[in-house]
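Here is the structure we will look at, set down as structure tokens.
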Amino acid sequence: MWPFSLLKKLSQDPEVGQTRGDYIGCYLLGTQTAGQDDISYISLATTREQLRQDASEYLQTFLNEHPQLSDAEHQALQDLLANWDQRADTHLAAAGGKPLAEQGGSVLFLRTGMRARKKEKGVYLE
């Protein structure tokens, strides 16, 4: 049975911050328009601190650039920003595929995955 367990392990994404060859496990934070395949990544962070910083920067910029949001939408994003760590933990633990937040026809998602590692002159930068 060991070949099957090895194959299963190799087919899974590495844990966040862990490496596997040219790839590293990371948090995927991004937006997607409902009904379309266009995904825009905000963060491919390999640490919680980096994820928090990227999310905070994005949410604050979004709030500043969209003053026309309804009070409910504005408050929902303010709440997400103020309680980021708790909301991110809850969302990642649920792993149900639901969006982290929705605004109009766009959804904000957070999940784990992997990305290519940065390499310069034969040396990984992470």
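Naming works like this for the structure tokens: A, B, ... for the chains as they're shown, residue 1 at the start of each chain, ligands 1 onward in shown order.
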
Which of chain A fall in strand (DSSP E), as a ChimeraX atom specification: /A:19-20,23-33,39-43,101-103,106-116,119-120,123-124

Can you check which parts of range 66-102 of chain A lie within 12 Å of range 20-39 of chain A? Per residue, the shortest pair of atoms and distance in Å to one decimal, counting only C-alpha atoms, sorted by chain and number, as a tab-separated table.
```
residue	atom	partner	partner_atom	distance
A:Ala88	CA	A:Leu29	CA	10.4
A:Asp89	CA	A:Tyr27	CA	11.8
A:His91	CA	A:Leu29	CA	11.9
A:Leu92	CA	A:Tyr27	CA	9.6
A:Pro99	CA	A:Thr31	CA	9.2
A:Leu100	CA	A:Leu29	CA	9.4
A:Ala101	CA	A:Thr31	CA	9.4
A:Glu102	CA	A:Thr31	CA	9.3
```

Would you output that residue set with C-alpha atoms, as a short mmCIF file (atom, residue, chain, number, x, y, z; two decimals), in the first residue's frame?
```
data_model
loop_
_atom_site.label_atom_id
_atom_site.label_comp_id
_atom_site.auth_asym_id
_atom_site.auth_seq_id
_atom_site.Cartn_x
_atom_site.Cartn_y
_atom_site.Cartn_z
CA ALA A 88 -9.44 34.30 8.36
CA ASP A 89 -8.97 31.48 10.90
CA HIS A 91 -12.85 30.77 7.07
CA LEU A 92 -9.78 28.57 6.54
CA PRO A 99 -16.45 33.42 -0.37
CA LEU A 100 -14.84 35.41 2.43
CA ALA A 101 -16.83 38.50 1.36
CA GLU A 102 -19.12 39.57 -1.49
#
```

DSSP alpha helix (DSSP H) selection over chain A, as number ranges by chain: A: 2-11, 48-65, 71-82, 84-94

Give me, as a compact mmCIF listing (two decimals) with C-alpha atoms, in the first residue's frame, all polymer residues having an atom no more than 10 Å from range 12-19 of chain A, counting only C-alpha atoms and skipping those fewer than 6 positions away in the same chain.
```
# COMPACT_ATOMS: atom_id res chain seq x y z
CA GLY A 25 2.60 26.37 -0.05
CA CYS A 26 0.82 29.71 0.32
CA TYR A 27 -2.41 31.51 1.10
CA ALA A 45 1.55 35.08 1.03
CA THR A 46 3.62 32.34 2.67
CA THR A 47 3.11 33.68 6.22
CA ARG A 48 0.09 34.86 8.22
CA THR A 112 -4.53 27.62 0.67
CA GLY A 113 -2.64 26.40 -2.35
CA MET A 114 0.81 26.61 -3.86
CA ARG A 115 2.78 28.82 -6.17
CA ALA A 116 6.12 28.73 -7.94
CA ARG A 117 9.03 29.76 -5.74
CA GLU A 126 12.04 32.45 0.11
```

Contact residues around Phe62 in chain A with only C-alpha atoms at 10 Å, ignoring same-chain residues under 5 positions, as a VMD selection string: chain A and resid 56 to 57 67 74 77

Just the selected residues (N, CA and C atoms), exported as a PDB file, in the first residue's frame, please.
```
ATOM      1  N   SER A  56      -5.066  43.768   4.646  1.00  0.00           N
ATOM      2  CA  SER A  56      -5.344  45.066   5.244  1.00  0.00           C
ATOM      3  C   SER A  56      -5.155  46.190   4.234  1.00  0.00           C
ATOM      4  N   GLU A  57      -4.062  46.118   3.515  1.00  0.00           N
ATOM      5  CA  GLU A  57      -3.771  47.118   2.482  1.00  0.00           C
ATOM      6  C   GLU A  57      -4.863  47.127   1.405  1.00  0.00           C
ATOM      7  N   PRO A  67     -16.347  55.077  -2.144  1.00  0.00           N
ATOM      8  CA  PRO A  67     -17.186  55.745  -1.144  1.00  0.00           C
ATOM      9  C   PRO A  67     -18.683  55.562  -1.397  1.00  0.00           C
ATOM     10  N   HIS A  74     -20.197  48.790   3.469  1.00  0.00           N
ATOM     11  CA  HIS A  74     -19.051  49.461   4.087  1.00  0.00           C
ATOM     12  C   HIS A  74     -18.781  48.862   5.460  1.00  0.00           C
ATOM     13  N   LEU A  77     -17.204  45.310   5.290  1.00  0.00           N
ATOM     14  CA  LEU A  77     -15.771  45.320   4.981  1.00  0.00           C
ATOM     15  C   LEU A  77     -14.957  45.877   6.148  1.00  0.00           C
TER      16      LEU A  77
END
```

Point-to-point distance from CA of Leu110 in chain A to CA of Gln78 in chain A, Å rounded to tenths: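 Atom-to-atom, CA of Leu110 in chain A and CA of Gln78 in chain A are spaced 17.1 Å apart.
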
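Put simply, CA of Arg52 in chain A is 18.1 Å away from CA of Asn64 in chain A.
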
d(CA of Tyr58 in chain A, CA of Ser70 in chain A) in Å: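 Interatomic distance, CA of Tyr58 in chain A to CA of Ser70 in chain A: 18.5 Å.
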